[in-house]
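Asks: Below you'll find the structure I mean.
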Amino acid sequence: MVRSWYELPEYVQLRRVNGLRLSPDGTRLVAPVSSSAPDGRSFRNALWEIDAAPESEGGRAPRRLTRSAEGESSAGFLPDGSVLFGAGRPDPDAEPEDKPEPALWVLPADGGEARRVATRPGGISAFTVARDAGTVAFTANAHPDSADAEAEREVRKERREAGVTAILHESLPIRSWDHDLGPQYPRFFAAAPPEDEDSGLGEHRDLTPDAGKHLIGASGDLTPDGSVLVTSWRVPTGGGSVRTQLVRVDTSTGEHSTLISSETHDYASPVVSPDGRQVLCMRAFDGDADGEPRLVSLCVVDLGTGRERVLAAESELWPRDLAWAPDSAAVFFVADQNGRRPLFRVDLGSGDLTRLTGDHGAYSALNPSPDGRHVFALRDAWDAPPAPVRVDAASEDAEPVHLRTPGSELSMPGTLTEVETTADDGTTLRSWLVLPEEASSDSPAPLLLWVHGGPYMSFNGWTWRWNPWLMAARGWAVLLPDPALSTGYGQQMLRRAWGQWGPRVHDDVMAVTDAAEAREDIDPRYTAMMGGSFGGYMANWIAGHTDRFSAIVSHASLWHLDAFVGTTDHPPVWEREFGTPSTRPERYELNSPHLSADRIRTPMLVIHGDKDYRVPIGEGLRLWRDLVLHEVEAKFLYFPDENHWILSPGNARVWYETIFAFFDHHVFGKEWTRPEHL
């Protein structure tokens, strides 16, 4: 019997497109595409080539470019059209290595075998290429006292032979998401492109030997001639807080100077214009506990003078995925808007803002064509996984032209619609509603409320980790609301719940749940709720403030807020909204779900990964213990080697299977069945 893609064994095998890069001549694209490894224990990337023309214009089928057991990471192009990419595969022409580190490889434009062109002790991570000169700037970790690659190898060897894994920290941060920081930290290196088909990159020039923690999480871009690197740069401001500024670095001398800095704003994600004169970036205000909420704006900085210009400020759109038009006269970006993530263009001369896409898609990975006519991008939506498209760069509300994809083209087991209602303060609230095929007034579906993470995000696009269609295929209607704190609805949507997460968001999601339950194709007798991260926080809050749901799933959730803020990997951003427990105790008392533990009656499934540093495992352990103490019917699904997300195929299957079984038991009264392998 052939099973459908939404059966779990097939679901974890689907190919997933994770990025997109356009060649210098605009004729082909390269995308990292992940799929389950042969042993089924992990996902691995391979690079695929995609024709820039659709099938109707003679576009060829995608073809796989790389094959290795280790997989490949991000890709880019050198000026001659050869593909530069990262991989941890062994080099057949080098001495045997115990464990190959991530290195840079080149695949010739006309095909042939890939060859390794750059390596560093500890591996190479991100890179960027100068459009005209082909200069490559890349990041690699190094210990503070390592003057060169040989010294770095020696210090790593000495620590390994001494059996030392300890890290002495003298400042924040010390962790990020799922990995420890230090004792080595990122530096930027620059190198000339290969001189011929047999050579590697030129000499690696260490541009930031004294970077320390300044380049943690940094991104950079080169001017077209390769003479200047522009990068974000962290600056400590006291109390563990930092500000992020932009720095320009001379790639021949390593001399660097501040391009733009502010006491109130952070600058990140720099993209240098094709004419080499300006830098496009994101300008962020992280909010004030006693004032305005956070805001992200689009900003252009003159590379010579450092003068800034904020674009489309009146729109209150939060930009991401920034790109320049080839003539440097306009910029492109995407932003959440009303449950979508459209593609926008801003003309620098007039300042005019144009929404280029009018559908319900969510766009990313922007690649303007060299002739200025199109923007190539990935498009996804709640009813379509990410796939490459071509968009007209000038037309308003243009229809995307779909290219042939190396990903999975899927038919949904149901329909997608929208639900709107009005909050008690008059605010319009909208949600996506995924309905199973059989849902009707004669056969109403049980309702599952999902609350998104963030909390500063929007439920507007496909997700592989939390996919509602797997629930719809089992008969559930899935409600995906954008309550207070959601992006894409203007700053007032954030002001409504700034510093008061629990009460305001709770009332909003209850209002949209009421609206969904009033539909004839929804059966209000059978309801459940789930959420992860901030959505998990809301799961905990909802459990302590209503018993309307038959079962609740809380994944990677915040529980005891004053304990959480001292252990999360990202305390400064949190404290800008909430203050600290000692300075603003009333906010913690207002918002902490643990204070309502004695009121929880709903059966709960708690899920947490031990490697979660954003919401540390202590939150899940304390929640589980409190539920047991109050004799709540609960289970704890624990992943010793997963982080904030459940990433391996096997664990992802168990995650879904446990949720299915938990809901079957507590919502529909079926006998509890322990999932296989547990």
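Each chain in the structure tokens gets a letter, A, B, ..., in the order shown, and its residues are numbered from 1; ligands are numbered from 1 in order too.
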Quick one: residues within 7 Å of region 461-466 of chain A, only C-alpha atoms, excluding same-chain residues fewer than 2 positions away - as a list in words?

Replies: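 The neighbour list is Ala362, Asp380, Ala381, Trp382, Ala384, Pro385, Phe459 and Pro468 of chain A.
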
Asks: Find the residues near region 366-374 of chain A: any atom within 8 Å, counting only C-alpha atoms, skip ones fewer than 6 places away on the same chain, and give them as a PyMOL selection string.

Replies: chain A and resi 20-22+24-26+321-327+332-333+390-394

Asks: Restricting it to C-alpha atoms, dump the selection as an mmCIF file, in the first residue's frame.

Replies:
data_model
loop_
_atom_site.group_PDB
_atom_site.id
_atom_site.type_symbol
_atom_site.label_atom_id
_atom_site.label_comp_id
_atom_site.auth_asym_id
_atom_site.auth_seq_id
_atom_site.Cartn_x
_atom_site.Cartn_y
_atom_site.Cartn_z
ATOM 1 C CA LEU A 20 18.698 29.977 -2.916
ATOM 2 C CA ARG A 21 21.591 31.683 -4.717
ATOM 3 C CA LEU A 22 21.576 33.147 -8.256
ATOM 4 C CA PRO A 24 26.366 36.002 -11.741
ATOM 5 C CA ASP A 25 24.919 35.609 -15.252
ATOM 6 C CA GLY A 26 21.378 35.124 -13.899
ATOM 7 C CA ASP A 321 15.977 39.172 3.733
ATOM 8 C CA LEU A 322 17.448 42.373 2.308
ATOM 9 C CA ALA A 323 18.708 42.791 -1.274
ATOM 10 C CA TRP A 324 19.764 45.555 -3.688
ATOM 11 C CA ALA A 325 18.533 46.182 -7.207
ATOM 12 C CA PRO A 326 21.491 45.811 -9.608
ATOM 13 C CA ASP A 327 21.552 49.561 -10.372
ATOM 14 C CA PHE A 332 14.028 44.720 -1.879
ATOM 15 C CA PHE A 333 12.924 43.116 1.370
ATOM 16 C CA ARG A 390 10.483 34.321 -10.186
ATOM 17 C CA VAL A 391 8.758 37.622 -9.402
ATOM 18 C CA ASP A 392 8.473 40.711 -11.596
ATOM 19 C CA ALA A 393 10.664 43.382 -9.998
ATOM 20 C CA ALA A 394 8.459 46.309 -11.035
#

Asks: Please provide the set of residues having any atom within 10 Å of Asp626 (chain A), restricted to only C-alpha atoms, with same-chain residues fewer than 4 positions apart removed, written as a ChimeraX atom specification.

Replies: /A:559,594,597-598,620-622,630-632

Asks: Can you tell me, as a ChimeraX atom specification, what residues are no more than 9 Å from region 408-421 of chain A when counting only C-alpha atoms, ignoring any on the same chain fewer than 2 positions away?

Replies: /A:5-6,14-17,382-387,405-406,423,427-439,469-470,472-473,479,481,511-512,514-516

Asks: Kindly indicate which residue among A:Ser328, A:Ala69, A:Leu298, A:Leu590 lies nearest to Glu314 (chain A), using only C-alpha atoms for the distances.

Replies: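 Checking each candidate against Glu314 (chain A), we get A:Leu298 as the closest.
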
Asks: Please identify all polymer residues within 7 Å of Gly122 (chain A), counting only C-alpha atoms, omitting same-chain residues fewer than 2 positions from it, and present them as a list in words.

Replies: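 What passes the distance filter is Glu101, Arg120 and Asn141 of chain A.
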
Asks: Keeping N, CA and C atoms, export the residues of the selection given above as a PDB file, in the first residue's frame.

Replies:
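part.pdb was written with the following content:
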ATOM      1  N   GLU A 101      37.221  18.893   9.307  1.00  0.00           N
ATOM      2  CA  GLU A 101      36.497  20.066   9.782  1.00  0.00           C
ATOM      3  C   GLU A 101      35.777  20.724   8.605  1.00  0.00           C
ATOM      4  N   ARG A 120      40.602  25.766   7.980  1.00  0.00           N
ATOM      5  CA  ARG A 120      41.164  26.363   9.185  1.00  0.00           C
ATOM      6  C   ARG A 120      40.999  25.383  10.341  1.00  0.00           C
ATOM      7  N   ASN A 141      36.552  30.100  13.923  1.00  0.00           N
ATOM      8  CA  ASN A 141      36.821  30.295  15.340  1.00  0.00           C
ATOM      9  C   ASN A 141      38.304  30.172  15.635  1.00  0.00           C
TER      10      ASN A 141
END

Asks: Could you work out how far CA of Tyr185 (chain A) lies from CA of Val83 (chain A), giving the answer in Å with one decimal?

Replies: 27.1 Å

Asks: May I have all residues of region 422-623 of chain A that DSSP, computed from the backbone, assigns to strand (DSSP E), given as a VMD selection string?

Replies: chain A and resid 422 428 to 436 445 to 451 477 to 482 522 to 532 552 to 555 604 to 609

Asks: Compare A:Leu84, A:Ala289, A:Leu29, A:Leu280 by their minimum atom-to-atom distance to Arg60 (chain A), counting only C-alpha atoms, and give me the closest one.

Replies: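 So, comparing all the options, the nearest one is A:Leu29.
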
Asks: Could you check which of A:Leu561, A:Gly609, A:Ser440, A:Glu577 is closest to Asp521 (chain A), using only C-alpha atoms?

Replies: A:Ser440

Asks: Select from region 555-665 of chain A every residue with an atom at most 10 Å from any atom of region 227-251 of chain A, then for each give the shortest pair of atoms and their distance in Å to one decimal, using only C-alpha atoms, rows by chain and rising number, as CSV.

Replies:
residue,atom,partner,partner_atom,distance
A:His570,CA,A:Ser241,CA,9.5
A:Pro571,CA,A:Gly240,CA,8.2
A:Pro572,CA,A:Ser241,CA,5.3
A:Val573,CA,A:Ser241,CA,8.1
A:Glu575,CA,A:Ser241,CA,9.4
A:Arg576,CA,A:Ser241,CA,9.6

Asks: Looking only at helix (DSSP H, G or I) from DSSP on the backbone, list the matching residues of region 254-471 of chain A as an MDAnalysis selection string.

Replies: chainID A and resid 313:315 468:471

Asks: Got time to write the residues from that selection, N, CA and C atoms, as a PDB file, in the first residue's frame?

Replies:
ATOM      1  N   ALA A 313       9.554  54.136   6.954  1.00  0.00           N
ATOM      2  CA  ALA A 313       9.328  54.125   8.394  1.00  0.00           C
ATOM      3  C   ALA A 313       7.850  54.146   8.742  1.00  0.00           C
ATOM      4  N   GLU A 314       7.053  54.873   7.958  1.00  0.00           N
ATOM      5  CA  GLU A 314       5.636  55.009   8.272  1.00  0.00           C
ATOM      6  C   GLU A 314       4.874  53.695   8.109  1.00  0.00           C
ATOM      7  N   SER A 315       5.452  52.733   7.408  1.00  0.00           N
ATOM      8  CA  SER A 315       4.760  51.460   7.171  1.00  0.00           C
ATOM      9  C   SER A 315       4.751  50.565   8.402  1.00  0.00           C
ATOM     10  N   PRO A 468       0.727  21.610  10.587  1.00  0.00           N
ATOM     11  CA  PRO A 468      -0.679  21.351  10.928  1.00  0.00           C
ATOM     12  C   PRO A 468      -1.350  20.312  10.052  1.00  0.00           C
ATOM     13  N   TRP A 469      -0.795  20.065   8.836  1.00  0.00           N
ATOM     14  CA  TRP A 469      -1.441  19.116   7.938  1.00  0.00           C
ATOM     15  C   TRP A 469      -1.335  17.693   8.450  1.00  0.00           C
ATOM     16  N   LEU A 470      -0.338  17.399   9.271  1.00  0.00           N
ATOM     17  CA  LEU A 470      -0.259  16.070   9.873  1.00  0.00           C
ATOM     18  C   LEU A 470      -1.406  15.858  10.855  1.00  0.00           C
ATOM     19  N   MET A 471      -1.872  16.953  11.468  1.00  0.00           N
ATOM     20  CA  MET A 471      -3.046  16.875  12.335  1.00  0.00           C
ATOM     21  C   MET A 471      -4.331  16.834  11.495  1.00  0.00           C
TER      22      MET A 471
END

Asks: Just the residues within 7 Å of Tyr613 (chain A), please, counting only C-alpha atoms, with nothing from its chain fewer than 5 positions along; format it as an MDAnalysis selection string.

Replies: chainID A and resid 175:178 568:569

Asks: Please report the interatomic distance between CA of Pro193 (chain A) and CA of Pro108 (chain A) in Å with one decimal.

Replies: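 CA of Pro193 (chain A) sits 12.8 Å away from CA of Pro108 (chain A).
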